[in-house]
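Colleague: This is model_7.cif (mmCIF, C-alpha atoms).
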```
data_final
#
loop_
_atom_site.label_atom_id
_atom_site.label_comp_id
_atom_site.auth_asym_id
_atom_site.auth_seq_id
_atom_site.Cartn_x
_atom_site.Cartn_y
_atom_site.Cartn_z
CA MET A 1290 -4.18 16.51 -16.20
CA THR A 1291 -4.93 13.25 -18.04
CA PRO A 1292 -7.72 10.93 -16.83
CA ASP A 1293 -5.10 8.38 -15.75
CA ALA A 1294 -3.24 11.02 -13.74
CA VAL A 1295 -6.49 12.10 -12.07
CA SER A 1296 -7.27 8.49 -11.17
CA GLU A 1297 -3.78 7.91 -9.72
CA ALA A 1298 -4.12 11.06 -7.59
CA MET A 1299 -7.34 9.65 -6.07
CA LEU A 1300 -5.93 6.21 -5.24
CA PRO A 1301 -3.21 4.98 -2.85
CA LYS A 1302 0.08 4.14 -4.50
CA GLY A 1303 0.32 0.62 -5.88
CA VAL A 1304 -3.36 0.04 -6.74
CA LYS A 1305 -5.29 0.89 -9.88
CA ASP A 1306 -8.67 0.92 -11.57
CA PHE A 1307 -9.32 -1.47 -14.45
CA LEU A 1308 -11.65 -0.06 -17.10
CA PRO A 1309 -13.86 -2.40 -19.20
CA ASN A 1310 -11.32 -3.54 -21.81
CA LYS A 1311 -8.55 -4.27 -19.29
CA ALA A 1312 -11.07 -5.78 -16.87
CA ALA A 1313 -12.36 -8.05 -19.64
CA LYS A 1314 -8.81 -9.26 -20.27
CA LEU A 1315 -8.31 -10.04 -16.59
CA VAL A 1316 -11.59 -11.96 -16.55
CA TYR A 1317 -10.48 -13.89 -19.65
CA LEU A 1318 -7.15 -14.75 -17.99
CA LYS A 1319 -8.92 -16.06 -14.88
CA GLN A 1320 -11.47 -18.07 -16.85
CA THR A 1321 -8.88 -19.57 -19.20
CA LEU A 1322 -6.53 -20.55 -16.40
CA ASN A 1323 -9.37 -21.98 -14.32
CA GLY A 1324 -10.41 -24.06 -17.33
CA ILE A 1325 -6.91 -25.52 -17.62
CA PHE A 1326 -6.72 -26.16 -13.89
CA THR A 1327 -10.02 -28.05 -14.08
CA HIS A 1328 -8.83 -30.15 -17.02
CA TRP A 1329 -5.82 -31.22 -14.95
CA GLY A 1330 -8.08 -32.37 -12.13
CA PHE A 1331 -7.82 -29.39 -9.76
CA ARG A 1332 -10.77 -28.22 -7.68
CA PRO A 1333 -11.43 -24.62 -6.60
CA ILE A 1334 -10.86 -23.29 -3.11
CA LEU A 1335 -11.72 -19.80 -1.83
CA PRO A 1336 -9.71 -18.54 1.16
CA PRO A 1337 -10.85 -15.45 3.10
CA SER A 1338 -9.57 -11.90 2.58
CA LEU A 1339 -8.70 -11.50 6.28
CA GLU A 1340 -6.74 -13.74 8.62
CA PHE A 1341 -5.56 -13.48 12.21
CA LEU A 1342 -1.98 -12.27 11.95
CA HIS A 1343 -0.52 -14.80 14.38
CA VAL A 1344 -2.09 -17.66 12.39
CA LEU A 1345 -1.11 -16.31 8.98
CA GLU A 1346 2.48 -15.63 9.99
CA LYS A 1347 3.08 -19.33 10.71
CA GLY A 1348 3.08 -19.89 6.96
CA LEU A 1349 5.00 -16.79 5.84
CA GLY A 1350 8.71 -16.45 5.20
CA GLU A 1351 10.55 -13.42 6.54
CA GLY A 1352 10.21 -11.52 3.28
CA LEU A 1353 6.42 -11.80 3.18
CA ARG A 1354 6.04 -11.04 6.90
CA GLU A 1355 7.59 -7.62 6.28
CA LYS A 1356 5.16 -6.96 3.41
CA THR A 1357 1.96 -7.85 5.29
CA PHE A 1358 -0.75 -5.23 5.86
CA ARG A 1359 -1.97 -5.56 9.46
CA PHE A 1360 -4.36 -3.69 11.74
CA ASP A 1361 -6.39 -4.02 14.93
CA ASP A 1362 -9.68 -5.90 14.76
CA ARG A 1363 -12.18 -4.09 17.00
CA GLN A 1364 -14.37 -7.19 17.27
CA SER A 1365 -11.73 -9.62 18.53
CA GLY A 1366 -9.10 -7.26 19.91
CA LYS A 1367 -6.49 -9.19 17.92
CA LEU A 1368 -4.29 -8.19 15.04
CA VAL A 1369 -5.65 -9.23 11.64
CA ALA A 1370 -3.97 -9.07 8.23
CA PHE A 1371 -4.62 -9.02 4.52
CA PRO A 1372 -2.81 -12.10 3.17
CA PRO A 1373 0.25 -11.26 1.03
CA ASP A 1374 0.12 -14.69 -0.63
CA ILE A 1375 -2.55 -17.37 -1.03
CA THR A 1376 -0.38 -20.51 -0.70
CA PRO A 1377 0.00 -20.23 3.11
CA GLN A 1378 -3.78 -19.87 3.37
CA VAL A 1379 -4.28 -23.06 1.38
CA ALA A 1380 -1.75 -24.81 3.64
CA ARG A 1381 -3.73 -23.72 6.72
CA ILE A 1382 -7.04 -24.86 5.22
CA VAL A 1383 -5.61 -28.25 4.23
CA ALA A 1384 -4.03 -28.79 7.64
CA THR A 1385 -7.03 -27.72 9.71
CA ARG A 1386 -10.09 -28.44 7.56
CA MET A 1387 -9.15 -31.16 5.05
CA ARG A 1388 -6.90 -33.63 6.83
CA GLU A 1389 -9.57 -36.36 6.70
CA ILE A 1390 -9.74 -36.14 2.88
CA PRO A 1391 -7.54 -38.68 1.03
CA LEU A 1392 -4.31 -37.41 -0.48
CA PRO A 1393 -3.27 -36.10 -2.91
CA LEU A 1394 -5.30 -32.90 -2.94
CA ARG A 1395 -5.41 -30.88 -6.14
CA LEU A 1396 -6.63 -27.38 -5.33
CA CYS A 1397 -6.81 -24.20 -7.42
CA TYR A 1398 -7.70 -20.58 -6.76
CA THR A 1399 -7.89 -17.04 -8.10
CA GLY A 1400 -7.80 -13.99 -5.87
CA ARG A 1401 -6.15 -10.75 -4.84
CA VAL A 1402 -3.43 -10.25 -2.24
CA LEU A 1403 -1.95 -7.08 -0.77
CA ARG A 1404 1.73 -6.45 -0.10
CA HIS A 1405 3.64 -3.46 1.17
CA ALA A 1406 5.96 -2.28 -1.59
CA GLU A 1407 8.92 0.08 -1.73
CA GLN A 1408 8.18 3.68 -2.69
CA GLN A 1409 9.00 3.15 -6.34
CA ALA A 1410 7.01 3.94 -9.45
CA GLY A 1411 5.27 0.92 -10.91
CA LYS A 1412 5.41 -1.27 -7.78
CA ASP A 1413 2.04 -2.98 -7.32
CA ARG A 1414 0.70 -3.50 -3.82
CA GLU A 1415 -2.44 -5.25 -5.03
CA ILE A 1416 -1.56 -8.50 -6.83
CA PHE A 1417 -3.99 -10.67 -8.79
CA GLN A 1418 -3.08 -14.36 -8.54
CA ALA A 1419 -4.29 -17.58 -10.12
CA GLY A 1420 -2.62 -20.79 -9.06
CA VAL A 1421 -2.66 -24.41 -8.00
CA GLU A 1422 -1.44 -26.44 -5.05
CA LEU A 1423 -0.74 -30.18 -5.22
CA ILE A 1424 -0.67 -31.53 -1.67
CA GLY A 1425 0.49 -35.02 -0.69
CA LEU A 1426 2.93 -36.06 -3.45
CA ASP A 1427 6.71 -36.12 -3.08
CA SER A 1428 7.96 -37.16 -6.48
CA PRO A 1429 9.66 -35.78 -9.59
CA GLU A 1430 6.47 -36.53 -11.51
CA ALA A 1431 4.53 -34.09 -9.33
CA ASP A 1432 7.19 -31.39 -9.88
CA ALA A 1433 7.17 -32.04 -13.62
CA GLU A 1434 3.37 -31.90 -13.70
CA MET A 1435 3.46 -28.39 -12.24
CA ILE A 1436 6.00 -27.19 -14.82
CA ALA A 1437 4.21 -28.84 -17.75
CA MET A 1438 0.91 -27.39 -16.60
CA ALA A 1439 2.37 -23.87 -16.34
CA ILE A 1440 3.76 -24.21 -19.86
CA GLU A 1441 0.36 -25.34 -21.17
CA CYS A 1442 -1.20 -22.28 -19.53
CA LEU A 1443 1.21 -19.91 -21.26
CA LYS A 1444 0.69 -21.59 -24.64
CA THR A 1445 -3.09 -21.52 -24.30
CA LEU A 1446 -3.01 -17.81 -23.44
CA GLY A 1447 -1.18 -17.13 -26.72
CA ALA A 1448 2.39 -16.68 -25.48
CA SER A 1449 4.84 -17.44 -28.27
CA GLU A 1450 8.15 -16.44 -26.65
CA PHE A 1451 8.61 -17.62 -23.08
CA THR A 1452 10.85 -19.72 -20.89
CA VAL A 1453 10.41 -21.58 -17.63
CA ASP A 1454 13.57 -21.33 -15.57
CA ILE A 1455 14.09 -24.28 -13.16
CA GLY A 1456 16.21 -24.25 -10.00
CA GLN A 1457 16.79 -26.62 -7.08
CA VAL A 1458 17.37 -25.10 -3.65
CA GLU A 1459 18.79 -28.37 -2.30
CA PHE A 1460 21.59 -28.16 -4.87
CA PHE A 1461 22.56 -24.73 -3.52
CA ARG A 1462 22.21 -25.80 0.11
CA GLY A 1463 24.46 -28.78 -0.51
CA VAL A 1464 27.22 -26.50 -1.80
CA MET A 1465 26.80 -23.92 0.97
CA ALA A 1466 26.81 -26.57 3.72
CA GLU A 1467 30.44 -27.29 2.82
CA LEU A 1468 31.50 -23.68 3.55
CA PRO A 1469 32.59 -22.42 7.00
CA LEU A 1470 30.39 -19.34 6.68
CA SER A 1471 27.64 -17.80 8.75
CA GLY A 1472 25.98 -14.48 9.48
CA THR A 1473 26.85 -11.44 7.37
CA ARG A 1474 29.53 -13.14 5.27
CA ALA A 1475 27.17 -15.97 4.30
CA ARG A 1476 24.50 -13.45 3.25
CA GLU A 1477 27.06 -11.50 1.22
CA VAL A 1478 28.12 -14.69 -0.56
CA GLU A 1479 24.48 -15.54 -1.29
CA GLY A 1480 23.93 -12.05 -2.67
CA ALA A 1481 26.93 -12.31 -5.01
CA ILE A 1482 25.69 -15.70 -6.26
CA ALA A 1483 22.20 -14.32 -6.81
CA ARG A 1484 23.65 -11.42 -8.85
CA LYS A 1485 25.93 -13.87 -10.70
CA ASP A 1486 28.88 -11.66 -9.76
CA SER A 1487 31.89 -13.98 -9.94
CA SER A 1488 34.38 -11.19 -9.20
CA GLU A 1489 32.65 -10.22 -5.97
CA LEU A 1490 32.32 -13.88 -5.00
CA THR A 1491 36.05 -14.42 -5.52
CA ALA A 1492 36.83 -11.44 -3.29
CA LEU A 1493 34.47 -12.61 -0.54
CA LEU A 1494 35.98 -16.10 -0.47
CA ARG A 1495 39.63 -15.04 -0.79
CA ASP A 1496 40.42 -15.37 2.93
CA VAL A 1497 38.03 -18.25 3.66
CA PRO A 1498 39.83 -21.55 4.33
CA LEU A 1499 38.33 -23.90 1.73
CA SER A 1500 39.39 -27.09 0.06
CA ASP A 1501 40.00 -26.78 -3.66
CA ARG A 1502 36.90 -28.92 -4.32
CA ALA A 1503 34.62 -26.78 -2.11
CA ARG A 1504 35.94 -23.58 -3.71
CA GLU A 1505 35.35 -24.99 -7.19
CA GLU A 1506 31.78 -25.93 -6.29
CA VAL A 1507 30.77 -22.53 -4.95
CA MET A 1508 32.55 -20.60 -7.71
CA ALA A 1509 30.62 -22.60 -10.29
CA LEU A 1510 27.21 -21.47 -8.99
CA PRO A 1511 27.00 -18.11 -10.82
CA ARG A 1512 27.79 -19.88 -14.12
CA LEU A 1513 25.40 -22.82 -13.86
CA PHE A 1514 22.52 -21.48 -15.92
CA GLY A 1515 21.32 -22.23 -19.45
CA GLY A 1516 19.95 -25.28 -21.26
CA ARG A 1517 19.92 -28.94 -20.22
CA GLU A 1518 23.72 -29.06 -20.59
CA VAL A 1519 23.84 -27.23 -17.25
CA LEU A 1520 22.95 -30.49 -15.50
CA GLU A 1521 25.90 -32.24 -17.13
CA ARG A 1522 28.30 -29.41 -16.22
CA ALA A 1523 27.05 -29.38 -12.64
CA ALA A 1524 27.51 -33.15 -12.32
CA LYS A 1525 31.22 -32.73 -13.18
CA VAL A 1526 31.71 -30.02 -10.56
CA VAL A 1527 29.87 -31.10 -7.39
CA VAL A 1528 30.78 -34.05 -5.21
CA ASN A 1529 28.72 -33.45 -2.07
CA PRO A 1530 25.88 -36.00 -1.71
CA ARG A 1531 23.14 -33.41 -1.12
CA SER A 1532 23.78 -31.57 -4.37
CA LYS A 1533 24.18 -34.81 -6.28
CA ARG A 1534 20.74 -35.98 -5.11
CA ALA A 1535 19.30 -32.65 -6.21
CA LEU A 1536 20.83 -33.09 -9.68
CA GLU A 1537 19.37 -36.60 -9.94
CA ASN A 1538 15.99 -35.14 -9.05
CA LEU A 1539 16.28 -32.49 -11.77
CA GLN A 1540 17.36 -35.06 -14.35
CA ARG A 1541 14.27 -37.14 -13.61
CA VAL A 1542 12.05 -34.05 -13.85
CA LEU A 1543 13.58 -33.25 -17.25
CA GLU A 1544 12.94 -36.79 -18.49
CA ILE A 1545 9.24 -36.46 -17.60
CA LEU A 1546 9.03 -33.02 -19.23
CA GLN A 1547 10.36 -34.65 -22.40
CA VAL A 1548 7.45 -37.09 -22.25
CA TYR A 1549 5.11 -34.08 -22.05
CA GLY A 1550 6.97 -32.58 -25.03
CA VAL A 1551 7.65 -29.22 -23.38
CA GLU A 1552 11.40 -29.42 -22.74
CA ASP A 1553 12.20 -26.81 -25.41
CA HIS A 1554 10.71 -24.11 -23.17
CA VAL A 1555 12.85 -25.08 -20.17
CA THR A 1556 16.10 -23.57 -18.90
CA PHE A 1557 18.02 -24.25 -15.68
CA ASP A 1558 19.58 -21.92 -13.09
CA LEU A 1559 21.31 -23.73 -10.25
CA GLY A 1560 22.41 -20.46 -8.65
CA GLU A 1561 18.81 -19.25 -8.27
CA LEU A 1562 18.12 -18.42 -4.61
CA ARG A 1563 14.51 -17.25 -4.76
CA GLY A 1564 12.46 -18.78 -2.00
CA LEU A 1565 15.45 -20.19 -0.15
CA ASP A 1566 13.69 -19.89 3.22
CA TYR A 1567 10.44 -21.35 1.89
CA HIS A 1568 11.05 -23.96 -0.79
CA THR A 1569 12.50 -27.42 -0.27
CA GLY A 1570 13.39 -28.70 -3.74
CA VAL A 1571 12.54 -27.81 -7.33
CA THR A 1572 11.62 -24.17 -7.98
CA PHE A 1573 10.63 -22.52 -11.25
CA GLN A 1574 9.83 -19.15 -12.76
CA GLY A 1575 7.99 -18.35 -16.00
CA PHE A 1576 9.22 -15.40 -18.08
CA LEU A 1577 7.56 -13.71 -21.05
CA ALA A 1578 9.62 -11.87 -23.67
CA GLY A 1579 9.60 -8.15 -22.90
CA VAL A 1580 8.49 -8.50 -19.26
CA GLY A 1581 11.18 -7.72 -16.72
CA LYS A 1582 9.90 -9.95 -13.95
CA ALA A 1583 8.53 -13.47 -13.67
CA VAL A 1584 4.83 -13.90 -14.49
CA CYS A 1585 4.72 -17.32 -12.83
CA LEU A 1586 6.40 -18.54 -9.64
CA GLY A 1587 6.30 -22.08 -8.36
CA GLY A 1588 8.08 -24.86 -6.58
CA ARG A 1589 8.13 -27.47 -3.84
CA TYR A 1590 7.40 -26.52 -0.22
CA ASP A 1591 7.26 -29.73 1.81
CA ASN A 1592 7.38 -28.08 5.27
CA LEU A 1593 4.52 -25.59 5.02
CA THR A 1594 1.46 -27.60 6.09
CA ALA A 1595 3.51 -28.96 9.02
CA ARG A 1596 3.58 -25.45 10.47
CA TYR A 1597 -0.16 -25.89 10.98
CA GLY A 1598 0.19 -29.37 12.48
CA TYR A 1599 -0.23 -31.58 9.39
CA PRO A 1600 3.03 -32.65 7.67
CA ALA A 1601 2.50 -33.25 3.95
CA PRO A 1602 4.71 -32.78 0.88
CA ALA A 1603 3.46 -30.13 -1.52
CA THR A 1604 4.21 -28.25 -4.70
CA GLY A 1605 2.40 -25.61 -6.73
CA PHE A 1606 2.61 -22.38 -8.68
CA ALA A 1607 0.84 -19.06 -9.11
CA PHE A 1608 0.51 -16.67 -12.03
CA ASP A 1609 0.72 -12.89 -11.62
CA LEU A 1610 -2.28 -11.88 -13.75
CA GLN A 1611 -1.14 -8.27 -14.14
CA GLY A 1612 2.20 -9.52 -15.45
CA LEU A 1613 0.34 -11.68 -17.96
CA LEU A 1614 -1.86 -8.71 -18.88
CA PHE A 1615 1.19 -6.55 -19.57
CA GLY A 1616 3.10 -9.20 -21.49
CA LEU A 1617 0.18 -10.51 -23.56
CA ASP A 1618 -1.80 -7.31 -24.07
CA ARG A 1619 -1.84 -7.52 -27.90
CA GLU A 1620 -2.59 -11.23 -27.96
CA LEU A 1621 -5.49 -10.67 -25.58
CA ASP A 1622 -6.94 -8.00 -27.89
CA GLU A 1623 -7.88 -10.78 -30.28
CA VAL A 1624 -9.71 -12.98 -27.79
CA ALA A 1625 -10.64 -11.05 -24.67
CA VAL A 1626 -11.86 -7.58 -25.57
CA SER A 1627 -15.48 -7.45 -24.47
CA HIS A 1628 -18.09 -7.06 -27.22
CA THR A 1629 -21.84 -6.84 -26.82
CA ASP A 1630 -23.73 -8.43 -29.67
CA VAL A 1631 -26.64 -6.07 -30.30
CA LEU A 1632 -27.71 -2.50 -29.52
CA ILE A 1633 -31.42 -2.06 -30.23
CA PHE A 1634 -32.62 1.32 -31.56
CA GLN A 1635 -36.30 2.14 -31.94
CA GLY A 1636 -37.89 5.51 -32.46
CA GLY A 1637 -41.33 6.60 -31.31
CA ALA A 1638 -42.98 6.52 -27.90
CA ASP A 1639 -43.89 2.82 -27.79
CA LYS A 1640 -40.75 0.77 -26.98
CA GLN A 1641 -42.44 -2.57 -26.28
CA ARG A 1642 -41.28 -4.21 -29.50
CA ALA A 1643 -37.64 -3.26 -28.81
CA GLN A 1644 -37.96 -4.58 -25.27
CA ARG A 1645 -39.38 -7.91 -26.53
CA ILE A 1646 -36.54 -8.17 -29.07
CA ALA A 1647 -33.98 -7.65 -26.29
CA GLN A 1648 -35.58 -10.40 -24.18
CA ALA A 1649 -35.72 -12.80 -27.13
CA LEU A 1650 -32.07 -12.22 -28.03
CA ARG A 1651 -30.92 -12.86 -24.46
CA ARG A 1652 -32.97 -16.08 -24.26
CA GLN A 1653 -31.17 -17.28 -27.37
CA GLY A 1654 -27.73 -16.61 -25.88
CA TYR A 1655 -26.93 -13.23 -27.42
CA SER A 1656 -25.92 -10.20 -25.39
CA ALA A 1657 -28.25 -7.27 -26.07
CA ALA A 1658 -28.93 -3.77 -24.72
CA ARG A 1659 -31.61 -1.15 -25.47
CA ASP A 1660 -30.42 2.32 -26.42
CA ILE A 1661 -32.71 3.96 -23.89
CA ILE A 1662 -31.33 7.49 -24.31
CA ALA A 1663 -33.35 9.57 -26.80
CA ARG A 1664 -31.07 10.32 -29.75
CA ASN A 1665 -31.02 10.01 -33.50
CA LEU A 1666 -29.72 7.04 -35.45
CA ASP A 1667 -26.29 8.59 -36.11
CA GLY A 1668 -25.87 9.13 -32.39
CA SER A 1669 -26.75 5.52 -31.65
CA LEU A 1670 -24.35 4.26 -34.32
CA ASP A 1671 -21.51 6.35 -32.89
CA TYR A 1672 -22.26 5.08 -29.38
CA ALA A 1673 -22.46 1.45 -30.57
CA ARG A 1674 -19.07 1.63 -32.30
CA ARG A 1675 -17.35 3.28 -29.35
CA MET A 1676 -18.80 0.76 -26.89
CA ASN A 1677 -17.81 -2.34 -28.92
CA PHE A 1678 -21.22 -3.52 -30.08
CA ARG A 1679 -21.19 -5.88 -33.06
CA TYR A 1680 -24.60 -4.96 -34.52
CA LEU A 1681 -27.24 -2.28 -34.28
CA MET A 1682 -30.88 -3.37 -34.74
CA LEU A 1683 -33.18 -0.72 -36.15
CA GLY A 1684 -36.96 -1.04 -36.26
CA ASP A 1685 -40.23 0.62 -35.37
CA ALA A 1686 -43.47 -0.39 -33.70
CA GLU A 1687 -45.29 -1.28 -36.94
CA ASN A 1688 -42.88 -2.61 -39.56
CA ASP A 1689 -42.27 -6.38 -39.44
CA GLU A 1690 -38.78 -6.01 -40.95
CA ILE A 1691 -35.95 -5.22 -38.56
CA GLN A 1692 -32.78 -3.79 -40.07
CA LEU A 1693 -29.48 -5.20 -38.86
CA ILE A 1694 -26.45 -2.94 -39.32
CA HIS A 1695 -23.09 -4.75 -39.20
CA LEU A 1696 -20.86 -2.25 -37.41
CA ALA A 1697 -17.56 -3.74 -38.61
CA ASP A 1698 -18.24 -2.85 -42.23
CA GLY A 1699 -21.56 -0.94 -42.33
CA ARG A 1700 -23.45 -3.68 -44.23
CA ARG A 1701 -27.21 -3.84 -43.76
CA SER A 1702 -29.50 -6.84 -43.78
CA THR A 1703 -33.04 -7.51 -42.60
CA ILE A 1704 -34.63 -9.98 -40.17
CA ARG A 1705 -38.34 -10.41 -39.59
CA TYR A 1706 -39.64 -9.58 -36.15
CA GLN A 1707 -41.29 -13.01 -35.72
CA GLU A 1708 -38.03 -14.77 -36.67
CA ILE A 1709 -36.29 -13.00 -33.78
CA LEU A 1710 -39.03 -14.00 -31.34
CA THR A 1711 -38.94 -17.67 -32.42
CA GLY A 1712 -35.16 -17.90 -32.75
CA ASN A 1713 -35.34 -18.73 -36.44
CA PHE A 1714 -32.27 -16.66 -37.34
CA ALA A 1715 -28.54 -16.37 -36.68
CA LEU A 1716 -26.32 -13.32 -36.35
#
```
Starting from the file, give its structure as structure tokens.
Modeller:
Amino acid sequence: MTPDAVSEAMLPKGVKDFLPNKAAKLVYLKQTLNGIFTHWGFRPILPPSLEFLHVLEKGLGEGLREKTFRFDDRQSGKLVAFPPDITPQVARIVATRMREIPLPLRLCYTGRVLRHAEQQAGKDREIFQAGVELIGLDSPEADAEMIAMAIECLKTLGASEFTVDIGQVEFFRGVMAELPLSGTRAREVEGAIARKDSSELTALLRDVPLSDRAREEVMALPRLFGGREVLERAAKVVVNPRSKRALENLQRVLEILQVYGVEDHVTFDLGELRGLDYHTGVTFQGFLAGVGKAVCLGGRYDNLTARYGYPAPATGFAFDLQGLLFGLDRELDEVAVSHTDVLIFQGGADKQRAQRIAQALRRQGYSAARDIIARNLDGSLDYARRMNFRYLMLGDAENDEIQLIHLADGRRSTIRYQEILTGNFAL
């Protein structure tokens, strides 16, 4: 049995261990994204890992309610839950703890959430998120800022092939409001649109009494995806005021994205139904080449904080860090694999000089470790290479010259002991 298979047998389905190289990449993703969030004016927030279920559920759509881990709390006697998403937690915090703070609020976070998942191979139940919430602005500029910011994140992380797919749930709702449908038939129609199955949609609507204009609108939905020309095609098809306002909103968002210079990464999908029970306007998803699911989900949710007693418009997005890790694994090899600068090897019984060298290196900003295990030089060199050290320092208690072995190519150079202590050197 392989080590990975042994590990999987010891863990519940849907969670995993991250060994040093993968863990270093996750840390790099968090730090890089947090740096971008800070540059855009967002401030960190840290929600708890447990919530009372009845409070948390106020902010969850039906889909997330079904995926929530819940259990009895012996202290309170109430049901508590592990949050399946961080956005509802932020909405609760804003509504109950931050309502006296002037709007808009720009908040960011990183954290883990847990979700029940179907019994399928590869379905994660533990999800690592990093995201932002912009509370208090109802404008196309705020929506465009979220999309432009997500694109900057993907570029900064080294993604070369990606798209951000934009939808507008109000466009879809405007079309559906014209149809005399409800219950099972309405859900079947929504499913056919989501699958972009025009044949099934035609069959479902065959016996529904519709005007020619209403039928043309709904039949167009599975085909309204692609580049910016989609907005022009949609404008020729729809006549209902609600959908027309949604198109005007998207056109304004696109104009602002052109100012940011990121429009080439944008596509549109006006038949996208993700988040229909949660979002209130623009939605978007970020896709990396070779990754079968979105690595970024975002959009407008103007009704969420109101569920906690504080109405405020809002928009935001969150990255799935494991999706980024999978899609950018090679790119992250270049920037995120963890190296330690120096392994210090010293023979003999007296190790004080090696210990002083380690302290001096750390004071000067280098990472350094002592090879405390008793072994010969070849053993230390093998260990240093396998553990991603950059250099091995070799000295003894008497000699003032310390050898520096460059592990990438085996070159050797020397540094004087006093130069290390005074910082009069550079690796």
Colleague: Which residues, named as in the file, does the PyMOL selection byres ((chain A and resi 1546) around 12) pick out? Answer as a ChimeraX atom specification.
Modeller: /A:1429-1441,1453,1455,1517,1539-1545,1547-1556
Colleague: For a quick check of understanding, using only C-alpha atoms, which of A:Leu1559, A:Leu1577, A:Ala1406, A:Leu1335 has the smallest distance to Leu1443 (chain A)?
Modeller: A:Leu1577
Colleague: When distances are computed from all atoms listed in the file, which of A:Gly1447, A:Pro1333, A:Arg1414, A:Asp1685 shows the smallest separation from Pro1301 (chain A)?
Modeller: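 Using all atoms listed in the file, the shortest distance to Pro1301 (chain A) belongs to A:Arg1414.
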Colleague: Just to confirm, what's the straight-line distance from CA of Lys1356 (chain A) to CA of Pro1373 (chain A) in Å (one decimal)?
Modeller: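 According to the coordinates, CA of Lys1356 (chain A) and CA of Pro1373 (chain A) are separated by 6.9 Å.
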Colleague: Using the chain letters and numbering of this document, enumerate as a short mmCIF file (atom, residue, chain, number, x, y, z; two decimals) with C-alpha atoms, keeping the file's coordinate frame the residues selected by the PyMOL selection byres ((chain A and resi 1370) around 8).
Modeller:
```
data_model
loop_
_atom_site.label_atom_id
_atom_site.label_comp_id
_atom_site.auth_asym_id
_atom_site.auth_seq_id
_atom_site.Cartn_x
_atom_site.Cartn_y
_atom_site.Cartn_z
CA LEU A 1339 -8.70 -11.50 6.28
CA GLU A 1340 -6.74 -13.74 8.62
CA PHE A 1341 -5.56 -13.48 12.21
CA LEU A 1342 -1.98 -12.27 11.95
CA LEU A 1345 -1.11 -16.31 8.98
CA THR A 1357 1.96 -7.85 5.29
CA PHE A 1358 -0.75 -5.23 5.86
CA ARG A 1359 -1.97 -5.56 9.46
CA PHE A 1360 -4.36 -3.69 11.74
CA LEU A 1368 -4.29 -8.19 15.04
CA VAL A 1369 -5.65 -9.23 11.64
CA PHE A 1371 -4.62 -9.02 4.52
CA PRO A 1372 -2.81 -12.10 3.17
#
```
